[in-house]
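Engineer: If it helps, the file is called run_0.txt and holds compact mmCIF, C-alpha atoms and all ligand atoms:
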# COMPACT_ATOMS: atom_id res chain seq x y z
CA MET A 1 -11.26 -15.28 -53.52
CA ARG A 2 -11.61 -13.41 -50.29
CA GLN A 3 -9.30 -10.49 -49.78
CA ALA A 4 -7.20 -10.83 -46.64
CA ARG A 5 -8.00 -7.86 -44.45
CA ALA A 6 -5.39 -6.26 -42.26
CA ALA A 7 -6.38 -6.87 -38.65
CA ALA A 8 -7.59 -3.69 -36.97
CA PRO A 9 -5.07 -2.63 -34.35
CA ARG A 10 -6.26 -3.77 -30.93
CA GLN A 11 -7.00 -0.85 -28.67
CA ASP A 12 -7.66 -2.83 -25.51
CA TYR A 13 -4.41 -4.69 -25.22
CA CYS A 14 -1.71 -4.19 -22.63
CA VAL A 15 1.77 -5.66 -22.92
CA PRO A 16 2.38 -7.87 -19.88
CA VAL A 17 5.62 -7.20 -18.01
CA ALA A 18 6.81 -10.51 -16.57
CA PRO A 19 7.98 -10.50 -12.96
CA VAL A 20 11.74 -10.68 -12.52
CA ARG A 21 11.40 -12.12 -9.05
CA HIS A 22 8.58 -13.83 -7.26
CA VAL A 23 6.21 -11.53 -5.41
CA PRO A 24 3.30 -12.95 -3.43
CA ASP A 25 -0.18 -12.69 -4.93
CA LEU A 26 -3.16 -11.41 -2.94
CA ALA A 27 -3.68 -14.84 -1.34
CA GLY A 28 -0.03 -14.93 -0.24
CA ASP A 29 -0.06 -11.36 1.05
CA ALA A 30 -3.35 -11.96 2.87
CA ARG A 31 -1.92 -15.10 4.46
CA SER A 32 1.21 -13.34 5.68
CA GLY A 33 -0.39 -9.95 6.41
CA LEU A 34 -3.92 -10.60 7.61
CA LEU A 35 -3.23 -13.67 9.72
CA ALA A 36 -0.31 -11.93 11.44
CA ALA A 37 -0.18 -9.40 14.25
CA PRO A 38 -0.20 -6.48 13.62
CA ARG A 39 -2.36 -7.00 10.52
CA SER A 40 -1.49 -5.33 7.22
CA LEU A 41 -1.90 -5.52 3.45
CA PRO A 42 0.17 -3.86 0.67
CA PRO A 43 -1.55 -0.81 -0.88
CA LYS A 44 -1.25 -2.09 -4.46
CA TYR A 45 -4.50 -4.07 -3.92
CA PHE A 46 -6.53 -0.85 -3.68
CA TYR A 47 -6.40 -0.45 -7.43
CA ASP A 48 -9.15 -2.54 -8.95
CA ASP A 49 -11.41 -0.63 -11.34
CA SER A 50 -13.43 0.94 -8.49
CA GLY A 51 -10.31 1.75 -6.46
CA SER A 52 -8.70 3.54 -9.41
CA ARG A 53 -11.85 5.58 -9.96
CA LEU A 54 -12.05 6.45 -6.26
CA PHE A 55 -8.42 7.56 -6.35
CA GLU A 56 -9.29 9.94 -9.19
CA GLN A 57 -12.11 11.34 -7.02
CA ILE A 58 -9.69 11.78 -4.11
CA CYS A 59 -7.50 13.87 -6.41
CA ALA A 60 -10.42 16.26 -6.93
CA THR A 61 -11.21 16.77 -3.24
CA PRO A 62 -10.33 20.21 -1.85
CA GLU A 63 -8.18 18.66 0.90
CA TYR A 64 -5.97 16.49 -1.33
CA TYR A 65 -3.50 19.17 -2.40
CA LEU A 66 -0.91 16.74 -3.86
CA THR A 67 -2.42 16.38 -7.34
CA ARG A 68 -3.07 20.10 -7.80
CA LEU A 69 0.42 21.10 -6.68
CA GLU A 70 2.12 18.52 -8.87
CA LEU A 71 -0.03 19.51 -11.85
CA ALA A 72 0.90 23.17 -11.34
CA LEU A 73 4.61 22.28 -11.21
CA LEU A 74 4.27 20.21 -14.37
CA GLN A 75 2.35 22.97 -16.15
CA GLY A 76 5.00 25.50 -15.17
CA HIS A 77 8.04 23.41 -16.01
CA ALA A 78 7.05 20.79 -18.62
CA ALA A 79 8.94 22.55 -21.42
CA ASP A 80 12.05 22.77 -19.27
CA ILE A 81 11.73 19.09 -18.29
CA ILE A 82 11.29 17.90 -21.87
CA GLY A 83 14.02 20.26 -23.11
CA ALA A 84 16.48 18.98 -20.51
CA SER A 85 15.69 15.28 -20.94
CA SER A 86 14.94 15.12 -24.73
CA PRO A 87 13.04 11.86 -24.38
CA GLU A 88 12.39 9.46 -27.23
CA ARG A 89 10.20 7.48 -24.83
CA ILE A 90 8.35 8.45 -21.65
CA LEU A 91 7.85 5.43 -19.41
CA GLU A 92 5.56 6.21 -16.49
CA LEU A 93 5.47 4.04 -13.38
CA GLY A 94 2.05 3.77 -11.70
CA SER A 95 0.52 5.92 -14.44
CA GLY A 96 -3.15 5.57 -13.37
CA SER A 97 -5.27 7.95 -15.47
CA SER A 98 -2.13 9.60 -16.99
CA ARG A 99 -3.98 12.89 -16.58
CA LYS A 100 -1.03 15.00 -15.43
CA THR A 101 1.24 13.40 -18.02
CA ARG A 102 -0.62 15.36 -20.70
CA THR A 103 1.42 18.41 -19.68
CA LEU A 104 4.59 16.55 -20.72
CA LEU A 105 2.99 15.33 -23.97
CA ASP A 106 1.84 18.88 -24.79
CA ALA A 107 5.42 20.06 -24.24
CA CYS A 108 6.71 17.26 -26.49
CA ALA A 109 4.33 18.39 -29.24
CA ALA A 110 5.33 22.05 -28.82
CA LEU A 111 9.04 21.18 -28.94
CA GLN A 112 8.57 18.73 -31.83
CA CYS A 113 9.86 15.95 -29.63
CA ARG A 114 7.95 12.96 -31.04
CA CYS A 115 8.41 10.45 -28.29
CA LEU A 116 6.58 7.21 -27.45
CA TYR A 117 4.56 6.83 -24.28
CA ALA A 118 4.61 3.66 -22.18
CA PRO A 119 2.32 3.86 -19.13
CA PHE A 120 3.07 1.03 -16.67
CA ASP A 121 0.47 0.09 -14.09
CA ILE A 122 -0.99 -2.82 -12.16
CA CYS A 123 -4.57 -1.79 -12.99
CA GLU A 124 -5.55 -2.97 -16.47
CA SER A 125 -8.80 -1.00 -16.73
CA ALA A 126 -7.02 2.26 -15.86
CA LEU A 127 -4.36 1.56 -18.50
CA ILE A 128 -6.88 0.77 -21.21
CA GLU A 129 -8.99 3.84 -20.47
CA ALA A 130 -5.99 6.17 -20.30
CA ALA A 131 -4.45 4.75 -23.49
CA GLY A 132 -7.73 5.18 -25.39
CA GLU A 133 -8.11 8.79 -24.29
CA LEU A 134 -4.50 9.65 -25.09
CA ARG A 135 -4.65 8.10 -28.56
CA ALA A 136 -7.76 10.14 -29.30
CA GLU A 137 -6.16 13.34 -28.01
CA PHE A 138 -2.59 13.01 -29.30
CA HIS A 139 -2.85 11.57 -32.82
CA TRP A 140 0.91 11.49 -33.27
CA LEU A 141 1.52 9.53 -30.08
CA GLN A 142 2.29 5.83 -29.99
CA VAL A 143 1.01 4.48 -26.68
CA THR A 144 2.15 1.09 -25.40
CA PRO A 145 0.45 0.26 -22.09
CA LEU A 146 2.51 -2.04 -19.87
CA LEU A 147 0.70 -4.21 -17.34
CA GLY A 148 2.49 -5.54 -14.30
CA ASP A 149 3.78 -5.07 -10.78
CA TYR A 150 6.80 -2.77 -10.75
CA GLN A 151 7.87 -4.14 -7.39
CA ALA A 152 8.49 -7.51 -9.06
CA GLY A 153 11.50 -5.97 -10.83
CA LEU A 154 12.09 -3.80 -13.88
CA ASP A 155 14.52 -5.89 -15.93
CA ASN A 156 11.70 -7.22 -18.12
CA LEU A 157 10.55 -3.80 -19.30
CA PRO A 158 10.60 -3.65 -23.12
CA ALA A 159 14.13 -2.83 -24.33
CA PHE A 160 14.42 0.54 -26.06
CA ASP A 161 17.14 1.99 -28.18
CA GLY A 162 16.87 5.67 -27.31
CA ARG A 163 16.62 8.08 -24.40
CA THR A 164 13.90 7.33 -21.87
CA LEU A 165 12.34 9.73 -19.40
CA PHE A 166 11.04 7.61 -16.52
CA ALA A 167 8.24 9.37 -14.66
CA TRP A 168 7.06 8.38 -11.19
CA LEU A 169 4.47 10.93 -10.21
CA GLY A 170 1.81 11.51 -7.60
CA SER A 171 4.12 10.79 -4.66
CA THR A 172 3.52 7.10 -5.25
CA ILE A 173 7.08 6.62 -3.96
CA GLY A 174 5.52 7.48 -0.57
CA ASN A 175 3.54 4.25 -0.58
CA LEU A 176 6.78 2.29 -0.15
CA THR A 177 8.72 2.33 3.10
CA ARG A 178 11.83 4.50 2.94
CA GLY A 179 13.92 1.32 2.68
CA GLN A 180 11.79 -0.12 -0.14
CA ALA A 181 11.92 3.24 -1.95
CA ALA A 182 15.73 3.33 -1.85
CA GLN A 183 15.86 -0.26 -3.10
CA PHE A 184 13.36 0.49 -5.86
CA LEU A 185 15.35 3.52 -7.04
CA GLY A 186 18.41 1.25 -7.15
CA ASP A 187 16.45 -1.19 -9.35
CA LEU A 188 15.37 1.68 -11.56
CA HIS A 189 18.92 2.99 -11.86
CA GLY A 190 19.95 -0.54 -12.94
CA CYS A 191 17.58 -0.51 -15.89
CA MET A 192 18.32 3.10 -16.94
CA GLN A 193 20.85 3.82 -19.66
CA SER A 194 23.33 6.64 -19.48
CA GLY A 195 21.46 9.85 -20.48
CA ASP A 196 18.06 8.58 -19.29
CA CYS A 197 16.23 10.73 -16.75
CA LEU A 198 13.83 10.20 -13.88
CA LEU A 199 11.06 12.67 -13.10
CA LEU A 200 9.99 12.05 -9.51
CA GLY A 201 7.07 13.68 -7.71
CA ALA A 202 7.15 13.47 -3.92
CA ASP A 203 5.11 14.93 -1.10
CA ARG A 204 6.88 16.85 1.66
CA VAL A 205 6.65 16.86 5.44
CA LYS A 206 4.37 19.68 6.55
CA ASP A 207 1.89 20.81 9.13
CA ARG A 208 0.11 17.77 10.56
CA GLU A 209 -3.36 19.36 10.21
CA VAL A 210 -2.87 19.77 6.46
CA LEU A 211 -1.69 16.19 6.13
CA HIS A 212 -4.49 14.87 8.29
CA ALA A 213 -7.14 16.67 6.26
CA ALA A 214 -5.71 15.38 2.96
CA TYR A 215 -6.25 11.77 4.10
CA ASN A 216 -9.55 12.39 5.91
CA ASP A 217 -11.50 14.42 3.35
CA GLY A 218 -14.86 15.80 4.41
CA ALA A 219 -16.80 14.02 1.65
CA GLY A 220 -15.49 10.64 2.82
CA ILE A 221 -13.96 9.61 -0.53
CA THR A 222 -10.71 8.45 1.05
CA ALA A 223 -12.74 6.36 3.49
CA ARG A 224 -14.54 4.72 0.54
CA PHE A 225 -11.20 4.13 -1.18
CA ASN A 226 -9.87 2.42 1.95
CA LEU A 227 -13.02 0.36 2.53
CA ASN A 228 -13.05 -0.75 -1.12
CA LEU A 229 -10.12 -3.00 -0.21
CA LEU A 230 -12.58 -5.19 1.68
CA GLN A 231 -14.64 -5.63 -1.50
CA VAL A 232 -11.46 -6.68 -3.31
CA LEU A 233 -10.82 -9.29 -0.60
CA ASN A 234 -14.43 -10.49 -0.73
CA ARG A 235 -14.33 -10.87 -4.50
CA GLU A 236 -10.84 -12.29 -4.95
CA LEU A 237 -10.55 -14.45 -1.84
CA GLY A 238 -14.21 -15.35 -1.24
CA ALA A 239 -14.07 -13.46 2.02
CA ASP A 240 -17.10 -12.16 3.92
CA PHE A 241 -15.92 -8.81 5.26
CA ILE A 242 -18.83 -6.50 6.06
CA PRO A 243 -17.55 -2.98 5.28
CA ALA A 244 -20.02 -1.41 7.75
CA ARG A 245 -18.10 -3.15 10.53
CA PHE A 246 -14.99 -1.09 9.76
CA ALA A 247 -13.99 2.56 9.97
CA HIS A 248 -11.38 4.46 8.00
CA GLU A 249 -8.52 5.95 10.00
CA ALA A 250 -5.55 7.94 8.70
CA VAL A 251 -3.03 9.39 11.15
CA PHE A 252 0.24 11.24 10.71
CA ASN A 253 3.09 9.42 12.45
CA GLU A 254 5.41 12.35 13.11
CA ASP A 255 8.35 10.18 14.26
CA LEU A 256 8.35 8.16 11.04
CA GLY A 257 7.30 11.05 8.77
CA ARG A 258 4.38 9.22 7.25
CA ILE A 259 0.62 8.95 7.06
CA GLU A 260 -0.57 5.54 8.17
CA MET A 261 -3.95 4.42 6.92
CA TYR A 262 -5.92 1.74 8.72
CA LEU A 263 -9.24 -0.10 8.64
CA VAL A 264 -10.44 -0.30 12.22
CA SER A 265 -12.79 -3.03 13.37
CA LEU A 266 -15.87 -1.51 15.04
CA ALA A 267 -16.84 -4.73 16.84
CA ASP A 268 -15.52 -8.11 17.91
CA HIS A 269 -16.27 -10.34 14.95
CA ALA A 270 -15.02 -13.17 12.74
CA VAL A 271 -14.31 -13.05 9.01
CA THR A 272 -13.94 -16.13 6.81
CA LEU A 273 -11.58 -16.15 3.85
CA HIS A 274 -13.04 -19.14 2.00
CA ARG A 275 -10.36 -19.36 -0.66
CA LEU A 276 -7.70 -19.53 2.05
CA ASN A 277 -9.71 -22.05 4.07
CA THR A 278 -9.31 -19.92 7.13
CA SER A 279 -10.97 -17.32 9.27
CA ILE A 280 -9.76 -14.49 11.46
CA ARG A 281 -11.16 -13.03 14.67
CA LEU A 282 -11.01 -9.27 14.96
CA VAL A 283 -11.56 -7.50 18.24
CA ARG A 284 -13.17 -4.08 18.55
CA GLY A 285 -10.59 -1.35 17.86
CA GLU A 286 -8.18 -3.72 16.11
CA ARG A 287 -6.53 -2.16 13.06
CA ILE A 288 -5.43 -3.43 9.65
CA LEU A 289 -2.65 -1.26 8.18
CA THR A 290 -3.61 -0.68 4.54
CA GLU A 291 -1.23 2.07 3.39
CA LEU A 292 1.79 4.13 4.28
CA SER A 293 2.28 7.48 2.64
CA CYS A 294 5.77 8.74 3.45
CA LYS A 295 6.41 12.48 3.47
CA TYR A 296 9.92 13.56 2.62
CA ARG A 297 12.31 16.37 3.48
CA ARG A 298 14.09 18.16 0.64
CA GLU A 299 17.58 16.86 1.53
CA GLU A 300 16.27 13.34 2.03
CA LEU A 301 14.95 13.25 -1.54
CA GLU A 302 18.16 14.62 -2.99
CA GLU A 303 20.30 12.24 -0.93
CA MET A 304 18.19 9.24 -1.92
CA LEU A 305 18.58 9.99 -5.63
CA ALA A 306 22.31 10.69 -5.27
CA ALA A 307 22.79 7.47 -3.25
CA CYS A 308 21.55 5.39 -6.18
CA GLY A 309 23.83 7.15 -8.67
CA LEU A 310 21.45 9.73 -10.17
CA SER A 311 22.46 13.36 -10.48
CA ILE A 312 19.87 16.07 -9.90
CA VAL A 313 19.21 18.23 -12.92
CA ARG A 314 16.37 20.33 -11.48
CA HIS A 315 14.45 20.43 -8.22
CA PHE A 316 11.14 22.28 -8.50
CA GLU A 317 9.24 23.08 -5.33
CA ALA A 318 5.61 24.04 -4.78
CA PRO A 319 4.91 27.19 -2.71
CA GLY A 320 5.65 26.66 0.98
CA ALA A 321 7.85 23.67 0.05
CA TRP A 322 4.71 21.54 0.11
CA TYR A 323 5.67 19.30 -2.84
CA SER A 324 8.78 18.39 -4.83
CA LEU A 325 9.23 17.54 -8.49
CA LEU A 326 12.76 16.38 -9.23
CA LEU A 327 14.42 15.70 -12.54
CA ALA A 328 17.50 13.48 -12.18
CA ALA A 329 19.76 11.96 -14.80
CA LYS A 330 21.87 8.84 -15.05
CA PRO A 331 25.26 10.28 -16.00
N1 LIG B 1 0.51 8.54 -11.16
C1 LIG B 1 -0.90 8.79 -11.01
C2 LIG B 1 -1.62 7.68 -10.23
C3 LIG B 1 -1.17 7.55 -8.79
S1 LIG B 1 -2.13 6.33 -7.93
C4 LIG B 1 -1.10 10.12 -10.35
O1 LIG B 1 -0.12 10.74 -9.97
O2 LIG B 1 -2.24 10.57 -10.23
C5 LIG B 1 -0.96 5.03 -7.86
C6 LIG B 1 -0.95 4.24 -9.17
O3 LIG B 1 0.11 3.28 -9.06
C7 LIG B 1 -2.23 3.47 -9.41
O4 LIG B 1 -2.65 3.64 -10.73
C8 LIG B 1 -1.86 2.02 -9.12
O5 LIG B 1 -2.59 1.10 -9.88
C9 LIG B 1 -0.37 2.01 -9.45
N2 LIG B 1 0.39 1.01 -8.71
C10 LIG B 1 0.42 0.84 -7.37
N3 LIG B 1 1.27 -0.14 -7.02
C11 LIG B 1 1.78 -0.62 -8.20
C12 LIG B 1 2.71 -1.65 -8.51
N4 LIG B 1 3.27 -2.37 -7.54
N5 LIG B 1 3.03 -1.85 -9.81
C13 LIG B 1 2.44 -1.10 -10.80
N6 LIG B 1 1.56 -0.11 -10.55
C14 LIG B 1 1.24 0.13 -9.27
C1 LIG B 2 -1.14 7.02 -4.81
N1 LIG B 2 -0.74 7.52 -3.53
C2 LIG B 2 0.47 8.34 -3.62
C3 LIG B 2 -1.80 8.16 -2.73
C4 LIG B 2 -1.20 8.75 -1.43
O1 LIG B 2 -1.40 9.95 -1.23
O2 LIG B 2 -0.52 8.03 -0.70
C5 LIG B 2 -2.90 7.18 -2.41
C6 LIG B 2 -3.89 7.74 -1.45
N2 LIG B 2 -4.25 7.18 -0.33
C7 LIG B 2 -5.12 7.93 0.28
N3 LIG B 2 -5.32 9.01 -0.45
C8 LIG B 2 -4.57 8.92 -1.55
Output the file's structure as structure tokens, nothing else.
Ligand code: SAH
Ligand code: AVI
Structural biologist:
Amino acid sequence: MRQARAAAPRQDYCVPVAPVRHVPDLAGDARSGLLAAPRSLPPKYFYDDSGSRLFEQICATPEYYLTRLELALLQGHAADIIGASSPERILELGSGSSRKTRTLLDACAALQCRCLYAPFDICESALIEAAGELRAEFHWLQVTPLLGDYQAGLDNLPAFDGRTLFAWLGSTIGNLTRGQAAQFLGDLHGCMQSGDCLLLGADRVKDREVLHAAYNDGAGITARFNLNLLQVLNRELGADFIPARFAHEAVFNEDLGRIEMYLVSLADHAVTLHRLNTSIRLVRGERILTELSCKYRREELEEMLAACGLSIVRHFEAPGAWYSLLLAAKP
């Protein structure tokens, strides 16, 4: 008789988080955003496998100060953050490589706070890679990668009987409009239990030269990240964008307090989107808005958290008030 063998735990599996409400897919967003004037696409489509890797490379450029400043704040205050929030689970929104989260996990280990880790992202390859690395590094840690679109609602996140520290790092909040961000924080508040905390990283308004350089790095990695979106459209929608016909542009819109990133057409030309049975004509100089990156003022961040019912526990600031890391609790 053959002995039944226990199945080896799957290491490449992400738990799907079902959408609470309908959100358009790439075809829908391309129809409403690319066929319209002015043209735009949501930034979540940057993050295929190549896009996620390019983002990691952006983080290492000398101009992109955000990652380094946030990491330094986390390194300096992780013990305080874990001590104040005593999490039994850390659920990270838009976790990407989870690289900076290691500071929190190290603090958990040092404080004997054995919590679970649930990274939640739209990019499956990034989740699988990060989960594998974390399991190898933190033997005590149970990692449950969650795959989905957090803008489709949070009510279907796995229920948990215990305190959760929600983390939303990297200033990813900046990629929503201010209105969407306030609405999202309201959604998040709705799925938090009393005693849960939110750790929010957000970039601050600053000198326009510094901001400009961060989104126009000298090595051209941000340009490659932006142009990679065209490869996503070619692959997923059978489109025939020629990346060489576009240029990367990132400008700081001082009135709206945000970086706006565009792909600019370098010539008059037509592009066919076979899967949508349509084509578009772009004129020279015409722009497709691919990302917003909102930069916040200190009071704005505090007011936004208070407006959705969260109370601020700590507000850590990078030197020069260049970056904020806020810990807020649901009373
Ligand atoms: N938090 C990491 C990664 C930031 S990059 C850091 O600070 O370095 C933004 C991450 O958010 C990417 O991994 C991307 O895949 C994810 N993301 C973007 N939009 C998302 C959405 N709507 N739902 C889930 N994840 C999203
Ligand atoms: C993920 N997000 C916060 C980055 C940002 O700064 O807006 C994405 C990015 N875009 C260009 N560079 C980095």
Engineer: Can you check which parts of chain A lie within 10 Å of ligand LIG 1 (chain B)? Per residue, the shortest pair of atoms and distance in Å to one decimal, counting all atoms listed in the file, sorted by chain and number, as a Markdown table.
Structural biologist:
| residue | atom | partner | partner_atom | distance |
| --- | --- | --- | --- | --- |
| A:Val17 | CA | B:LIG1 | C13 | 10.0 |
| A:Val23 | CA | B:LIG1 | N4 | 9.9 |
| A:Pro42 | CA | B:LIG1 | N3 | 8.6 |
| A:Pro43 | CA | B:LIG1 | N3 | 6.8 |
| A:Lys44 | CA | B:LIG1 | N3 | 4.1 |
| A:Tyr45 | CA | B:LIG1 | N3 | 7.6 |
| A:Phe46 | CA | B:LIG1 | O5 | 7.6 |
| A:Tyr47 | CA | B:LIG1 | O5 | 4.8 |
| A:Asp48 | CA | B:LIG1 | O5 | 7.6 |
| A:Asp49 | CA | B:LIG1 | O5 | 9.1 |
| A:Gly51 | CA | B:LIG1 | O5 | 8.5 |
| A:Ser52 | CA | B:LIG1 | O4 | 6.2 |
| A:Arg53 | CA | B:LIG1 | O4 | 9.4 |
| A:Phe55 | CA | B:LIG1 | S1 | 6.6 |
| A:Glu56 | CA | B:LIG1 | O2 | 7.2 |
| A:Ile58 | CA | B:LIG1 | O2 | 9.7 |
| A:Cys59 | CA | B:LIG1 | O2 | 7.3 |
| A:Leu66 | CA | B:LIG1 | O1 | 8.6 |
| A:Thr67 | CA | B:LIG1 | O2 | 6.5 |
| A:Arg68 | CA | B:LIG1 | O2 | 9.9 |
| A:Glu70 | CA | B:LIG1 | O1 | 8.2 |
| A:Leu71 | CA | B:LIG1 | O1 | 9.0 |
| A:Glu92 | CA | B:LIG1 | N1 | 7.7 |
| A:Leu93 | CA | B:LIG1 | N6 | 6.4 |
| A:Gly94 | CA | B:LIG1 | O3 | 3.3 |
| A:Ser95 | CA | B:LIG1 | N1 | 4.2 |
| A:Gly96 | CA | B:LIG1 | O4 | 3.3 |
| A:Ser97 | CA | B:LIG1 | C1 | 6.3 |
| A:Ser98 | CA | B:LIG1 | C1 | 6.2 |
| A:Arg99 | CA | B:LIG1 | O2 | 7.0 |
| A:Lys100 | CA | B:LIG1 | O2 | 6.9 |
| A:Thr101 | CA | B:LIG1 | N1 | 8.4 |
| A:Pro119 | CA | B:LIG1 | N1 | 9.4 |
| A:Phe120 | CA | B:LIG1 | C13 | 6.3 |
| A:Asp121 | CA | B:LIG1 | N6 | 3.7 |
| A:Ile122 | CA | B:LIG1 | N6 | 4.1 |
| A:Cys123 | CA | B:LIG1 | O5 | 4.7 |
| A:Glu124 | CA | B:LIG1 | O5 | 8.3 |
| A:Ser125 | CA | B:LIG1 | O5 | 9.5 |
| A:Ala126 | CA | B:LIG1 | O4 | 6.9 |
| A:Leu127 | CA | B:LIG1 | O4 | 8.2 |
| A:Leu146 | CA | B:LIG1 | C13 | 9.1 |
| A:Leu147 | CA | B:LIG1 | C13 | 7.4 |
| A:Gly148 | CA | B:LIG1 | C13 | 5.7 |
| A:Asp149 | CA | B:LIG1 | N5 | 3.4 |
| A:Tyr150 | CA | B:LIG1 | N5 | 4.0 |
| A:Gln151 | CA | B:LIG1 | N4 | 4.9 |
| A:Ala152 | CA | B:LIG1 | N4 | 7.5 |
| A:Gly153 | CA | B:LIG1 | N5 | 9.5 |
| A:Ala167 | CA | B:LIG1 | N1 | 8.5 |
| A:Trp168 | CA | B:LIG1 | N1 | 6.6 |
| A:Leu169 | CA | B:LIG1 | O1 | 4.6 |
| A:Gly170 | CA | B:LIG1 | O1 | 3.2 |
| A:Ser171 | CA | B:LIG1 | O1 | 6.8 |
| A:Thr172 | CA | B:LIG1 | C5 | 5.6 |
| A:Ile173 | CA | B:LIG1 | C5 | 9.1 |
| A:Asn175 | CA | B:LIG1 | N3 | 8.1 |
| A:Leu176 | CA | B:LIG1 | N3 | 9.1 |
| A:Gly201 | CA | B:LIG1 | O1 | 8.1 |
| A:Ala202 | CA | B:LIG1 | O1 | 9.8 |
Engineer: For the residues in the current selection, export C-alpha atoms as a PDB file, keeping the file's coordinate frame.
Structural biologist:
ATOM      1  CA  VAL A  17       5.620  -7.200 -18.010  1.00  0.00           C
ATOM      2  CA  VAL A  23       6.210 -11.530  -5.410  1.00  0.00           C
ATOM      3  CA  PRO A  42       0.170  -3.860   0.670  1.00  0.00           C
ATOM      4  CA  PRO A  43      -1.550  -0.810  -0.880  1.00  0.00           C
ATOM      5  CA  LYS A  44      -1.250  -2.090  -4.460  1.00  0.00           C
ATOM      6  CA  TYR A  45      -4.500  -4.070  -3.920  1.00  0.00           C
ATOM      7  CA  PHE A  46      -6.530  -0.850  -3.680  1.00  0.00           C
ATOM      8  CA  TYR A  47      -6.400  -0.450  -7.430  1.00  0.00           C
ATOM      9  CA  ASP A  48      -9.150  -2.540  -8.950  1.00  0.00           C
ATOM     10  CA  ASP A  49     -11.410  -0.630 -11.340  1.00  0.00           C
ATOM     11  CA  GLY A  51     -10.310   1.750  -6.460  1.00  0.00           C
ATOM     12  CA  SER A  52      -8.700   3.540  -9.410  1.00  0.00           C
ATOM     13  CA  ARG A  53     -11.850   5.580  -9.960  1.00  0.00           C
ATOM     14  CA  PHE A  55      -8.420   7.560  -6.350  1.00  0.00           C
ATOM     15  CA  GLU A  56      -9.290   9.940  -9.190  1.00  0.00           C
ATOM     16  CA  ILE A  58      -9.690  11.780  -4.110  1.00  0.00           C
ATOM     17  CA  CYS A  59      -7.500  13.870  -6.410  1.00  0.00           C
ATOM     18  CA  LEU A  66      -0.910  16.740  -3.860  1.00  0.00           C
ATOM     19  CA  THR A  67      -2.420  16.380  -7.340  1.00  0.00           C
ATOM     20  CA  ARG A  68      -3.070  20.100  -7.800  1.00  0.00           C
ATOM     21  CA  GLU A  70       2.120  18.520  -8.870  1.00  0.00           C
ATOM     22  CA  LEU A  71      -0.030  19.510 -11.850  1.00  0.00           C
ATOM     23  CA  GLU A  92       5.560   6.210 -16.490  1.00  0.00           C
ATOM     24  CA  LEU A  93       5.470   4.040 -13.380  1.00  0.00           C
ATOM     25  CA  GLY A  94       2.050   3.770 -11.700  1.00  0.00           C
ATOM     26  CA  SER A  95       0.520   5.920 -14.440  1.00  0.00           C
ATOM     27  CA  GLY A  96      -3.150   5.570 -13.370  1.00  0.00           C
ATOM     28  CA  SER A  97      -5.270   7.950 -15.470  1.00  0.00           C
ATOM     29  CA  SER A  98      -2.130   9.600 -16.990  1.00  0.00           C
ATOM     30  CA  ARG A  99      -3.980  12.890 -16.580  1.00  0.00           C
ATOM     31  CA  LYS A 100      -1.030  15.000 -15.430  1.00  0.00           C
ATOM     32  CA  THR A 101       1.240  13.400 -18.020  1.00  0.00           C
ATOM     33  CA  PRO A 119       2.320   3.860 -19.130  1.00  0.00           C
ATOM     34  CA  PHE A 120       3.070   1.030 -16.670  1.00  0.00           C
ATOM     35  CA  ASP A 121       0.470   0.090 -14.090  1.00  0.00           C
ATOM     36  CA  ILE A 122      -0.990  -2.820 -12.160  1.00  0.00           C
ATOM     37  CA  CYS A 123      -4.570  -1.790 -12.990  1.00  0.00           C
ATOM     38  CA  GLU A 124      -5.550  -2.970 -16.470  1.00  0.00           C
ATOM     39  CA  SER A 125      -8.800  -1.000 -16.730  1.00  0.00           C
ATOM     40  CA  ALA A 126      -7.020   2.260 -15.860  1.00  0.00           C
ATOM     41  CA  LEU A 127      -4.360   1.560 -18.500  1.00  0.00           C
ATOM     42  CA  LEU A 146       2.510  -2.040 -19.870  1.00  0.00           C
ATOM     43  CA  LEU A 147       0.700  -4.210 -17.340  1.00  0.00           C
ATOM     44  CA  GLY A 148       2.490  -5.540 -14.300  1.00  0.00           C
ATOM     45  CA  ASP A 149       3.780  -5.070 -10.780  1.00  0.00           C
ATOM     46  CA  TYR A 150       6.800  -2.770 -10.750  1.00  0.00           C
ATOM     47  CA  GLN A 151       7.870  -4.140  -7.390  1.00  0.00           C
ATOM     48  CA  ALA A 152       8.490  -7.510  -9.060  1.00  0.00           C
ATOM     49  CA  GLY A 153      11.500  -5.970 -10.830  1.00  0.00           C
ATOM     50  CA  ALA A 167       8.240   9.370 -14.660  1.00  0.00           C
ATOM     51  CA  TRP A 168       7.060   8.380 -11.190  1.00  0.00           C
ATOM     52  CA  LEU A 169       4.470  10.930 -10.210  1.00  0.00           C
ATOM     53  CA  GLY A 170       1.810  11.510  -7.600  1.00  0.00           C
ATOM     54  CA  SER A 171       4.120  10.790  -4.660  1.00  0.00           C
ATOM     55  CA  THR A 172       3.520   7.100  -5.250  1.00  0.00           C
ATOM     56  CA  ILE A 173       7.080   6.620  -3.960  1.00  0.00           C
ATOM     57  CA  ASN A 175       3.540   4.250  -0.580  1.00  0.00           C
ATOM     58  CA  LEU A 176       6.780   2.290  -0.150  1.00  0.00           C
ATOM     59  CA  GLY A 201       7.070  13.680  -7.710  1.00  0.00           C
ATOM     60  CA  ALA A 202       7.150  13.470  -3.920  1.00  0.00           C
TER      61      ALA A 202
END
Engineer: Could you work out an axis-aligned bounding box for all listed atoms of ligand LIG 2 (chain B), with 4 Å added on each of the six sides, and give its centre and edge lengths in Å to one decimal, as AutoDock Vina command-line options?
Structural biologist:
--center_x -2.4 --center_y 8.5 --center_z -2.3 --size_x 13.8 --size_y 10.9 --size_z 13.1
Engineer: Which residues are close to A:Leu325, i.e. within 7 Å by all atoms listed in the file, leaving aside same-chain residues fewer than 5 positions away? Reply as a PyMOL selection string.
Structural biologist: chain A and resi 199-202+315-317
